[in-house]
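Asks: PDB, C-alpha atoms, pLDDT in the B column, saved as input-v1.pdb, coming up:
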```pdb
ATOM      1  CA  MET O   1       0.000   0.000   0.000  1.00 52.00           C
ATOM      2  CA  GLY O   2       1.238   3.483  -0.801  1.00 55.00           C
ATOM      3  CA  GLU O   3       2.115   5.844   1.976  1.00 60.00           C
ATOM      4  CA  ALA O   4      -0.787   8.084   2.962  1.00 61.00           C
ATOM      5  CA  ALA O   5      -0.421  11.680   1.906  1.00 64.00           C
ATOM      6  CA  ARG O   6       0.772  13.882   4.708  1.00 68.00           C
ATOM      7  CA  VAL O   7      -1.878  16.244   6.031  1.00 63.00           C
ATOM      8  CA  PHE O   8      -0.547  19.628   7.034  1.00 60.00           C
ATOM      9  CA  ASP O   9      -2.053  21.625   9.872  1.00 59.00           C
ATOM     10  CA  MET O  10      -3.431  24.908   8.604  1.00 58.00           C
ATOM     11  CA  ILE O  11      -3.782  28.043  10.687  1.00 59.00           C
ATOM     12  CA  ASP O  12      -6.703  30.260   9.699  1.00 57.00           C
ATOM     13  CA  ALA O  13      -5.300  33.761  10.099  1.00 64.00           C
ATOM     14  CA  ARG O  14      -8.311  35.498   8.640  1.00 77.00           C
ATOM     15  CA  PRO O  15     -10.072  38.002  10.922  1.00 90.00           C
ATOM     16  CA  ALA O  16     -13.331  36.882  12.476  1.00 91.00           C
ATOM     17  CA  PHE O  17     -15.104  39.914  11.013  1.00 96.00           C
ATOM     18  CA  THR O  18     -14.321  42.476   8.331  1.00 97.00           C
ATOM     19  CA  ALA O  19     -15.708  45.906   7.485  1.00 96.00           C
ATOM     20  CA  VAL O  20     -17.878  44.191   4.877  1.00 97.00           C
ATOM     21  CA  ASP O  21     -19.331  41.918   7.561  1.00 97.00           C
ATOM     22  CA  ALA O  22     -20.048  44.930   9.776  1.00 97.00           C
ATOM     23  CA  ALA O  23     -21.841  46.686   6.922  1.00 97.00           C
ATOM     24  CA  ALA O  24     -23.915  43.568   6.272  1.00 98.00           C
ATOM     25  CA  MET O  25     -24.888  43.431   9.961  1.00 97.00           C
ATOM     26  CA  GLN O  26     -25.820  47.106   9.829  1.00 97.00           C
ATOM     27  CA  ALA O  27     -28.190  46.448   6.939  1.00 97.00           C
ATOM     28  CA  ARG O  28     -29.554  43.240   8.433  1.00 98.00           C
ATOM     29  CA  PHE O  29     -30.626  44.875  11.688  1.00 97.00           C
ATOM     30  CA  ASP O  30     -31.766  48.187  10.273  1.00 96.00           C
ATOM     31  CA  GLY O  31     -34.937  49.165  12.128  1.00 95.00           C
ATOM     32  CA  VAL O  32     -34.703  46.265  14.624  1.00 97.00           C
ATOM     33  CA  GLU O  33     -35.025  47.263  18.280  1.00 97.00           C
ATOM     34  CA  ALA O  34     -31.773  47.126  20.249  1.00 97.00           C
ATOM     35  CA  SER O  35     -33.028  44.515  22.710  1.00 97.00           C
ATOM     36  CA  GLU O  36     -34.294  42.237  19.931  1.00 98.00           C
ATOM     37  CA  MET O  37     -31.079  42.687  17.971  1.00 98.00           C
ATOM     38  CA  LEU O  38     -29.046  41.661  21.020  1.00 98.00           C
ATOM     39  CA  ARG O  39     -31.345  38.718  21.722  1.00 98.00           C
ATOM     40  CA  GLN O  40     -30.841  37.330  18.237  1.00 98.00           C
ATOM     41  CA  LEU O  41     -27.078  37.774  18.368  1.00 98.00           C
ATOM     42  CA  LEU O  42     -26.451  36.589  21.939  1.00 98.00           C
ATOM     43  CA  THR O  43     -28.597  33.481  21.566  1.00 98.00           C
ATOM     44  CA  GLY O  44     -27.549  32.886  17.962  1.00 97.00           C
ATOM     45  CA  GLU O  45     -24.335  33.242  15.992  1.00 96.00           C
ATOM     46  CA  LEU O  46     -22.416  35.182  18.647  1.00 98.00           C
ATOM     47  CA  ALA O  47     -23.234  32.915  21.582  1.00 97.00           C
ATOM     48  CA  GLY O  48     -19.972  32.188  23.394  1.00 97.00           C
ATOM     49  CA  ARG O  49     -18.041  34.529  21.089  1.00 98.00           C
ATOM     50  CA  VAL O  50     -18.892  37.944  22.502  1.00 98.00           C
ATOM     51  CA  ALA O  51     -18.237  40.027  25.611  1.00 98.00           C
ATOM     52  CA  SER O  52     -19.813  43.234  26.856  1.00 98.00           C
ATOM     53  CA  VAL O  53     -17.330  45.967  27.763  1.00 98.00           C
ATOM     54  CA  SER O  54     -18.481  48.396  30.435  1.00 97.00           C
ATOM     55  CA  SER O  55     -17.009  51.372  32.263  1.00 95.00           C
ATOM     56  CA  PHE O  56     -19.814  51.173  34.855  1.00 97.00           C
ATOM     57  CA  GLY O  57     -20.234  54.878  34.231  1.00 94.00           C
ATOM     58  CA  ALA O  58     -23.205  57.227  34.243  1.00 91.00           C
ATOM     59  CA  GLU O  59     -25.370  55.379  31.689  1.00 93.00           C
ATOM     60  CA  SER O  60     -23.839  51.894  31.771  1.00 96.00           C
ATOM     61  CA  ALA O  61     -26.728  50.313  33.644  1.00 98.00           C
ATOM     62  CA  VAL O  62     -29.004  50.459  30.588  1.00 98.00           C
ATOM     63  CA  LEU O  63     -26.898  48.247  28.341  1.00 98.00           C
ATOM     64  CA  LEU O  64     -25.856  45.953  31.185  1.00 98.00           C
ATOM     65  CA  HIS O  65     -29.506  45.423  32.128  1.00 98.00           C
ATOM     66  CA  MET O  66     -30.385  44.758  28.496  1.00 98.00           C
ATOM     67  CA  VAL O  67     -27.639  42.137  28.143  1.00 98.00           C
ATOM     68  CA  ALA O  68     -28.358  40.513  31.515  1.00 98.00           C
ATOM     69  CA  SER O  69     -32.063  40.254  30.649  1.00 98.00           C
ATOM     70  CA  ILE O  70     -31.029  38.010  27.751  1.00 98.00           C
ATOM     71  CA  ASP O  71     -28.140  36.064  29.283  1.00 98.00           C
ATOM     72  CA  VAL O  72     -26.487  36.772  32.652  1.00 98.00           C
ATOM     73  CA  ASP O  73     -23.574  34.536  31.617  1.00 98.00           C
ATOM     74  CA  VAL O  74     -22.331  36.894  28.895  1.00 98.00           C
ATOM     75  CA  PRO O  75     -18.837  37.962  30.046  1.00 98.00           C
ATOM     76  CA  VAL O  76     -18.627  41.595  31.148  1.00 98.00           C
ATOM     77  CA  ILE O  77     -15.189  43.216  30.913  1.00 98.00           C
ATOM     78  CA  PHE O  78     -14.189  46.109  33.149  1.00 98.00           C
ATOM     79  CA  THR O  79     -10.777  47.749  32.825  1.00 97.00           C
ATOM     80  CA  ASN O  80      -9.662  49.032  36.214  1.00 98.00           C
ATOM     81  CA  THR O  81      -7.104  51.680  35.302  1.00 97.00           C
ATOM     82  CA  GLN O  82      -6.153  52.023  38.985  1.00 97.00           C
ATOM     83  CA  LYS O  83      -7.183  55.655  38.645  1.00 96.00           C
ATOM     84  CA  MET O  84     -10.907  55.041  39.027  1.00 97.00           C
ATOM     85  CA  PHE O  85     -13.262  56.794  41.423  1.00 97.00           C
ATOM     86  CA  GLY O  86     -14.001  54.697  44.493  1.00 97.00           C
ATOM     87  CA  GLU O  87     -17.672  55.355  43.775  1.00 97.00           C
ATOM     88  CA  THR O  88     -17.308  53.659  40.384  1.00 98.00           C
ATOM     89  CA  LEU O  89     -15.816  50.513  41.905  1.00 98.00           C
ATOM     90  CA  ALA O  90     -18.596  50.346  44.492  1.00 98.00           C
ATOM     91  CA  TYR O  91     -21.238  50.952  41.805  1.00 98.00           C
ATOM     92  CA  ARG O  92     -19.697  48.191  39.659  1.00 98.00           C
ATOM     93  CA  ASP O  93     -20.039  45.679  42.475  1.00 98.00           C
ATOM     94  CA  GLU O  94     -23.536  46.760  43.439  1.00 98.00           C
ATOM     95  CA  LEU O  95     -24.872  46.783  39.882  1.00 98.00           C
ATOM     96  CA  SER O  96     -23.257  43.432  39.039  1.00 98.00           C
ATOM     97  CA  GLU O  97     -24.934  41.912  42.096  1.00 98.00           C
ATOM     98  CA  ARG O  98     -28.293  43.472  41.279  1.00 97.00           C
ATOM     99  CA  LEU O  99     -28.237  42.250  37.678  1.00 98.00           C
ATOM    100  CA  GLY O 100     -26.939  38.792  38.588  1.00 98.00           C
ATOM    101  CA  LEU O 101     -23.901  38.981  36.304  1.00 98.00           C
ATOM    102  CA  THR O 102     -22.001  35.694  36.574  1.00 98.00           C
ATOM    103  CA  ASP O 103     -18.826  36.497  34.648  1.00 98.00           C
ATOM    104  CA  LEU O 104     -17.408  39.917  35.522  1.00 98.00           C
ATOM    105  CA  ARG O 105     -13.807  40.083  34.306  1.00 98.00           C
ATOM    106  CA  VAL O 106     -11.586  42.820  35.719  1.00 98.00           C
ATOM    107  CA  PHE O 107      -8.407  43.667  33.821  1.00 98.00           C
ATOM    108  CA  ARG O 108      -5.700  46.002  35.093  1.00 98.00           C
ATOM    109  CA  PRO O 109      -2.644  47.614  33.536  1.00 97.00           C
ATOM    110  CA  ASP O 110       0.436  45.425  33.199  1.00 97.00           C
ATOM    111  CA  PRO O 111       2.541  46.283  36.289  1.00 97.00           C
ATOM    112  CA  ARG O 112       5.750  45.892  34.283  1.00 97.00           C
ATOM    113  CA  LEU O 113       4.542  48.456  31.766  1.00 97.00           C
ATOM    114  CA  LEU O 114       3.482  50.784  34.576  1.00 97.00           C
ATOM    115  CA  ALA O 115       6.926  50.512  36.141  1.00 97.00           C
ATOM    116  CA  ALA O 116       8.579  51.296  32.809  1.00 97.00           C
ATOM    117  CA  LYS O 117       6.244  54.004  31.503  1.00 97.00           C
ATOM    118  CA  ASP O 118       4.411  55.513  34.476  1.00 97.00           C
ATOM    119  CA  LYS O 119       6.524  54.927  37.553  1.00 96.00           C
ATOM    120  CA  THR O 120       5.258  58.064  39.288  1.00 96.00           C
ATOM    121  CA  GLY O 121       1.617  57.489  38.334  1.00 96.00           C
ATOM    122  CA  LEU O 122       1.457  61.023  36.916  1.00 97.00           C
ATOM    123  CA  ARG O 123       1.537  60.340  33.201  1.00 96.00           C
ATOM    124  CA  TRP O 124      -2.079  61.469  32.958  1.00 93.00           C
ATOM    125  CA  SER O 125      -0.926  65.018  33.807  1.00 93.00           C
ATOM    126  CA  TYR O 126       1.439  65.444  30.868  1.00 93.00           C
ATOM    127  CA  ASP O 127       0.555  62.683  28.366  1.00 93.00           C
ATOM    128  CA  PRO O 128      -3.098  61.655  28.691  1.00 92.00           C
ATOM    129  CA  ASP O 129      -3.015  59.750  25.401  1.00 92.00           C
ATOM    130  CA  GLY O 130      -0.105  57.647  26.596  1.00 93.00           C
ATOM    131  CA  CYS O 131      -1.757  57.123  29.959  1.00 94.00           C
ATOM    132  CA  CYS O 132      -4.987  55.901  28.344  1.00 93.00           C
ATOM    133  CA  ASP O 133      -3.060  53.591  26.047  1.00 95.00           C
ATOM    134  CA  LEU O 134      -1.214  52.118  29.006  1.00 96.00           C
ATOM    135  CA  ARG O 135      -4.100  51.847  31.422  1.00 96.00           C
ATOM    136  CA  LYS O 136      -7.131  51.204  29.185  1.00 95.00           C
ATOM    137  CA  VAL O 137      -6.278  50.230  25.625  1.00 95.00           C
ATOM    138  CA  GLU O 138      -3.609  47.616  26.366  1.00 96.00           C
ATOM    139  CA  PRO O 139      -5.596  45.861  29.140  1.00 97.00           C
ATOM    140  CA  LEU O 140      -8.720  45.760  26.963  1.00 97.00           C
ATOM    141  CA  ARG O 141      -6.762  44.306  24.068  1.00 96.00           C
ATOM    142  CA  ARG O 142      -5.695  41.463  26.367  1.00 97.00           C
ATOM    143  CA  ALA O 143      -9.207  41.040  27.703  1.00 98.00           C
ATOM    144  CA  LEU O 144     -10.699  40.685  24.223  1.00 98.00           C
ATOM    145  CA  LEU O 145      -8.279  38.007  22.993  1.00 97.00           C
ATOM    146  CA  PRO O 146     -10.776  35.127  23.482  1.00 97.00           C
ATOM    147  CA  PHE O 147     -13.617  36.907  21.702  1.00 98.00           C
ATOM    148  CA  ASP O 148     -14.700  37.543  18.111  1.00 98.00           C
ATOM    149  CA  ALA O 149     -17.029  40.404  19.009  1.00 98.00           C
ATOM    150  CA  TRP O 150     -17.686  42.923  21.753  1.00 98.00           C
ATOM    151  CA  ILE O 151     -20.518  45.166  22.863  1.00 98.00           C
ATOM    152  CA  SER O 152     -19.979  48.851  23.558  1.00 96.00           C
ATOM    153  CA  GLY O 153     -22.247  51.343  25.286  1.00 93.00           C
ATOM    154  CA  ARG O 154     -21.450  54.326  23.071  1.00 92.00           C
ATOM    155  CA  LYS O 155     -24.248  56.674  22.073  1.00 87.00           C
ATOM    156  CA  GLY O 156     -24.263  59.080  19.150  1.00 81.00           C
ATOM    157  CA  PHE O 157     -25.417  62.102  21.147  1.00 73.00           C
ATOM    158  CA  GLN O 158     -22.485  62.022  23.578  1.00 60.00           C
ATOM    159  CA  SER O 159     -20.008  64.081  21.539  1.00 50.00           C
ATOM    160  CA  GLY O 160     -19.119  65.324  18.070  1.00 48.00           C
ATOM    161  CA  THR O 161     -16.930  62.286  17.460  1.00 48.00           C
ATOM    162  CA  ARG O 162     -19.911  59.979  17.923  1.00 43.00           C
ATOM    163  CA  ILE O 163     -22.447  61.614  15.614  1.00 57.00           C
ATOM    164  CA  ALA O 164     -23.808  59.135  13.034  1.00 74.00           C
ATOM    165  CA  LEU O 165     -22.309  56.298  15.027  1.00 90.00           C
ATOM    166  CA  PRO O 166     -23.151  52.961  13.351  1.00 94.00           C
ATOM    167  CA  ARG O 167     -24.486  49.999  15.255  1.00 96.00           C
ATOM    168  CA  PHE O 168     -21.775  47.746  13.862  1.00 97.00           C
ATOM    169  CA  GLU O 169     -18.083  48.397  13.260  1.00 96.00           C
ATOM    170  CA  GLU O 170     -15.007  46.336  12.485  1.00 96.00           C
ATOM    171  CA  ASP O 171     -12.380  46.691  15.208  1.00 94.00           C
ATOM    172  CA  GLU O 172      -9.031  44.896  14.886  1.00 92.00           C
ATOM    173  CA  GLY O 173     -10.712  41.938  13.175  1.00 95.00           C
ATOM    174  CA  ARG O 174     -13.598  41.821  15.621  1.00 97.00           C
ATOM    175  CA  LEU O 175     -17.183  42.945  15.376  1.00 98.00           C
ATOM    176  CA  LYS O 176     -17.900  45.903  17.651  1.00 97.00           C
ATOM    177  CA  ILE O 177     -21.571  46.349  18.439  1.00 98.00           C
ATOM    178  CA  ASN O 178     -23.076  49.669  19.560  1.00 97.00           C
ATOM    179  CA  PRO O 179     -26.701  48.748  20.388  1.00 97.00           C
ATOM    180  CA  LEU O 180     -27.533  52.201  21.783  1.00 96.00           C
ATOM    181  CA  ALA O 181     -25.884  54.179  18.979  1.00 94.00           C
ATOM    182  CA  ASP O 182     -29.085  55.989  18.018  1.00 92.00           C
ATOM    183  CA  TRP O 183     -30.632  56.314  21.478  1.00 93.00           C
ATOM    184  CA  PRO O 184     -31.229  59.917  22.616  1.00 91.00           C
ATOM    185  CA  LYS O 185     -30.749  60.918  26.243  1.00 90.00           C
ATOM    186  CA  GLU O 186     -34.506  60.936  26.811  1.00 94.00           C
ATOM    187  CA  ARG O 187     -34.812  57.274  25.877  1.00 95.00           C
ATOM    188  CA  LEU O 188     -32.044  56.318  28.274  1.00 96.00           C
ATOM    189  CA  GLU O 189     -33.763  58.227  31.064  1.00 96.00           C
ATOM    190  CA  ALA O 190     -37.033  56.447  30.324  1.00 97.00           C
ATOM    191  CA  TYR O 191     -35.271  53.058  30.463  1.00 98.00           C
ATOM    192  CA  PHE O 192     -33.751  53.893  33.851  1.00 97.00           C
ATOM    193  CA  ALA O 193     -37.188  54.788  35.179  1.00 98.00           C
ATOM    194  CA  GLU O 194     -38.974  51.818  33.618  1.00 98.00           C
ATOM    195  CA  HIS O 195     -36.578  49.295  35.124  1.00 98.00           C
ATOM    196  CA  ASP O 196     -35.855  51.180  38.358  1.00 97.00           C
ATOM    197  CA  LEU O 197     -32.113  51.121  37.738  1.00 97.00           C
ATOM    198  CA  ARG O 198     -29.798  52.768  40.252  1.00 96.00           C
ATOM    199  CA  ARG O 199     -27.811  55.729  38.975  1.00 96.00           C
ATOM    200  CA  HIS O 200     -24.068  56.175  39.378  1.00 97.00           C
ATOM    201  CA  PRO O 201     -23.630  58.068  42.676  1.00 96.00           C
ATOM    202  CA  LEU O 202     -21.452  60.771  41.068  1.00 96.00           C
ATOM    203  CA  GLU O 203     -24.049  61.673  38.453  1.00 94.00           C
ATOM    204  CA  SER O 204     -26.091  63.737  40.907  1.00 93.00           C
ATOM    205  CA  GLN O 205     -22.940  65.740  41.642  1.00 93.00           C
ATOM    206  CA  GLY O 206     -22.594  66.905  38.033  1.00 90.00           C
ATOM    207  CA  TYR O 207     -20.397  64.156  36.613  1.00 90.00           C
ATOM    208  CA  LEU O 208     -22.259  63.201  33.444  1.00 88.00           C
ATOM    209  CA  SER O 209     -19.483  61.158  31.812  1.00 87.00           C
ATOM    210  CA  ILE O 210     -17.322  59.314  34.302  1.00 93.00           C
ATOM    211  CA  GLY O 211     -13.846  57.985  33.627  1.00 92.00           C
ATOM    212  CA  CYS O 212     -10.650  58.126  35.641  1.00 95.00           C
ATOM    213  CA  ALA O 213     -10.700  60.482  38.634  1.00 94.00           C
ATOM    214  CA  PRO O 214      -7.774  62.749  37.597  1.00 92.00           C
ATOM    215  CA  CYS O 215      -9.214  63.372  34.124  1.00 93.00           C
ATOM    216  CA  THR O 216     -12.921  63.729  34.960  1.00 93.00           C
ATOM    217  CA  SER O 217     -14.591  66.957  36.064  1.00 92.00           C
ATOM    218  CA  ARG O 218     -18.110  68.190  36.631  1.00 90.00           C
ATOM    219  CA  VAL O 219     -20.156  69.318  33.630  1.00 89.00           C
ATOM    220  CA  ALA O 220     -21.818  72.726  33.722  1.00 85.00           C
ATOM    221  CA  PRO O 221     -25.462  73.146  32.653  1.00 84.00           C
ATOM    222  CA  GLY O 222     -25.687  73.276  28.862  1.00 80.00           C
ATOM    223  CA  GLU O 223     -22.300  71.664  28.278  1.00 81.00           C
ATOM    224  CA  ASN O 224     -21.846  68.506  26.230  1.00 79.00           C
ATOM    225  CA  PRO O 225     -22.087  65.443  28.514  1.00 77.00           C
ATOM    226  CA  ARG O 226     -18.453  64.557  27.764  1.00 77.00           C
ATOM    227  CA  ALA O 227     -17.106  68.077  28.301  1.00 82.00           C
ATOM    228  CA  GLY O 228     -15.798  67.002  31.676  1.00 79.00           C
ATOM    229  CA  ARG O 229     -13.473  64.396  30.216  1.00 82.00           C
ATOM    230  CA  TRP O 230      -9.843  65.521  29.743  1.00 80.00           C
ATOM    231  CA  ARG O 231     -10.898  69.138  30.226  1.00 78.00           C
ATOM    232  CA  GLY O 232      -8.289  71.511  28.808  1.00 71.00           C
ATOM    233  CA  TRP O 233      -6.803  68.899  26.493  1.00 71.00           C
ATOM    234  CA  ASP O 234      -7.406  68.404  22.775  1.00 64.00           C
ATOM    235  CA  LYS O 235      -8.685  64.913  23.515  1.00 58.00           C
ATOM    236  CA  VAL O 236     -12.158  63.408  23.351  1.00 58.00           C
ATOM    237  CA  GLU O 237     -11.630  59.636  23.379  1.00 55.00           C
ATOM    238  CA  CYS O 238      -9.477  57.281  25.433  1.00 51.00           C
ATOM    239  CA  GLY O 239      -8.270  55.313  22.409  1.00 50.00           C
ATOM    240  CA  ILE O 240     -10.515  52.289  22.857  1.00 52.00           C
ATOM    241  CA  HIS O 241     -12.932  53.850  20.388  1.00 46.00           C
ATOM    242  CA  VAL O 242     -11.190  55.158  17.283  1.00 50.00           C
ATOM    243  CA  SER O 243     -13.737  56.697  14.949  1.00 43.00           C
ATOM    244  CA  THR O 244     -14.056  55.503  11.380  1.00 38.00           C
ATOM    245  CA  LEU O 245     -15.818  58.650  10.249  1.00 36.00           C
ATOM    246  CA  PRO O 246     -13.935  60.593   7.536  1.00 32.00           C
ATOM    247  CA  GLY O 247     -12.071  63.566   8.955  1.00 32.00           C
ATOM    248  CA  ASP O 248     -12.813  62.514  12.524  1.00 34.00           C
ATOM    249  CA  GLU O 249      -9.767  60.952  14.115  1.00 32.00           C
ATOM    250  CA  PRO O 250      -9.733  61.236  17.903  1.00 32.00           C
ATOM    251  CA  ALA O 251      -6.421  60.767  19.673  1.00 29.00           C
ATOM    252  CA  PHE O 252      -5.357  57.216  20.390  1.00 25.00           C
TER     253      PHE O 252
END
```
Now, as a test, write the supplied structure out as structure tokens.
Replies:
Amino acid sequence: MGEAARVFDMIDARPAFTAVDAAAMQARFDGVEASEMLRQLLTGELAGRVASVSSFGAESAVLLHMVASIDVDVPVIFTNTQKMFGETLAYRDELSERLGLTDLRVFRPDPRLLAAKDKTGLRWSYDPDGCCDLRKVEPLRRALLPFDAWISGRKGFQSGTRIALPRFEEDEGRLKINPLADWPKERLEAYFAEHDLRRHPLESQGYLSIGCAPCTSRVAPGENPRAGRWRGWDKVECGIHVSTLPGDEPAF
């Protein structure tokens, strides 16, 4: 008998999702309610392949409640930059308990990178982009390694860089889902009231968009909700969300 042909192992290096896939998803779910869209995805083709990323900020409870109402076992990723408000950490624990989340994954900055690039812990004061990259972007990249898709809580009304935000984007070969992209502030408020969701404790003090303590300030009446983030800097995003809109390239 002749020797059997040798079978070579093949590594599929193709990305899980492309920009074409994201556009197809956008068309497929056009006009479908956010909760129904998530239900189809989380119980269908993305089951076991997707995580929800949350800052546990001012409006995070809406999306977390929506996801938990479908499947409490969906992993929820929280990046603890080690510069967070204590109120945020307490709110994270309380809300996770209330919603019955079973798989909260907390990722922190790599201590070796901190020692090399932010030994004093003051990088935020002179290089906020570098600080965000070190404390948020790199940990999230590690956290997302097991997943083909992730869910974001971004809303189009939050700032100029988020206008016309699509529901689906390609992000480093993954599908990024923005279920609340077209939700106005009024709809979020109605959802909080309908489901009796607890607000972030700092919101009543004028913090309408809540990130790291050193780079978050109160928002004055009439200001954009994200005006209190990196106040005084030409910076509007942490680097996790890099816009794909032409001419709109927030700092990484």
Asks: Write out as a PyMOL selection string the residues lying within 9 Å of O:Pro214, counting only C-alpha atoms and excluding same-chain residues fewer than 3 positions away.
Replies: chain O and resi 83-85+124-125+211+217+230
Asks: When the PyMOL selection byres ((chain O and resi 174-190) around 8) is applied to the structure above, which residues does it catch, written out as a PyMOL selection string?
Replies: chain O and resi 15-18+22+34-35+37-38+59+62-63+147-157+164-173+191-194
Asks: Nearest to O:His195: which of O:Cys212, O:Leu64, O:Ala90, O:Leu101 is it, counting all atoms listed in the file?
Replies: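 Checking each of O:Cys212, O:Leu64, O:Ala90, O:Leu101 against O:His195, counting all atoms listed in the file, the winner is O:Leu64.
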Asks: Mind dumping a table of every stretch 129-239 of chain O residue within 9 Å of stretch 67-80 of chain O, with the nearest atom pair and its distance in Å to one decimal, using all atoms listed in the file, sorted by chain and rising number, as a tab-separated table?
Replies:
```
residue	atom	partner	partner_atom	distance
O:Arg135	CA	O:Asn80	CA	7.9
O:Lys136	CA	O:Thr79	CA	6.2
O:Val137	CA	O:Thr79	CA	8.8
O:Pro139	CA	O:Thr79	CA	6.6
O:Leu140	CA	O:Thr79	CA	6.5
O:Ala143	CA	O:Ile77	CA	7.1
O:Leu144	CA	O:Ile77	CA	8.4
```
Asks: Which residues are close to O:Gly206, i.e. within 6 Å by all atoms listed in the file, leaving aside same-chain residues fewer than 2 positions away? Reply as a JSON list (two decimals) with C-alpha atoms, in the frame of the given file.
Replies:
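Everything below was put into around_15.json:
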```json
[["chain", "number", "residue", "atom", "x", "y", "z"],
["O", 203, "GLU", "CA", -24.05, 61.67, 38.45],
["O", 204, "SER", "CA", -26.09, 63.74, 40.91],
["O", 208, "LEU", "CA", -22.26, 63.20, 33.44],
["O", 218, "ARG", "CA", -18.11, 68.19, 36.63],
["O", 219, "VAL", "CA", -20.16, 69.32, 33.63]]
```
Asks: Report the distance between atom CA of O:Leu42 and atom CA of O:Ser209 in Å, rounded to one decimal place.
Replies: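 These atoms are spaced 27.4 Å apart.
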Asks: Measuring between all atoms listed in the file, which one of O:Val20, O:Leu134, O:Val106, O:Leu46 shows the shortest distance to O:Lys119?
Replies: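 Closest to O:Lys119 of all the choices is O:Leu134.
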Asks: To one decimal place, how far is atom CA of O:Met66 from atom CA of O:Arg141 in Å?
Replies: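 These two atoms are separated by 24.0 Å.
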Asks: Could you state the separation of atom CA of O:Gly57 and atom CA of O:Trp233 in Å, given to one decimal place?
Replies: 20.9 Å
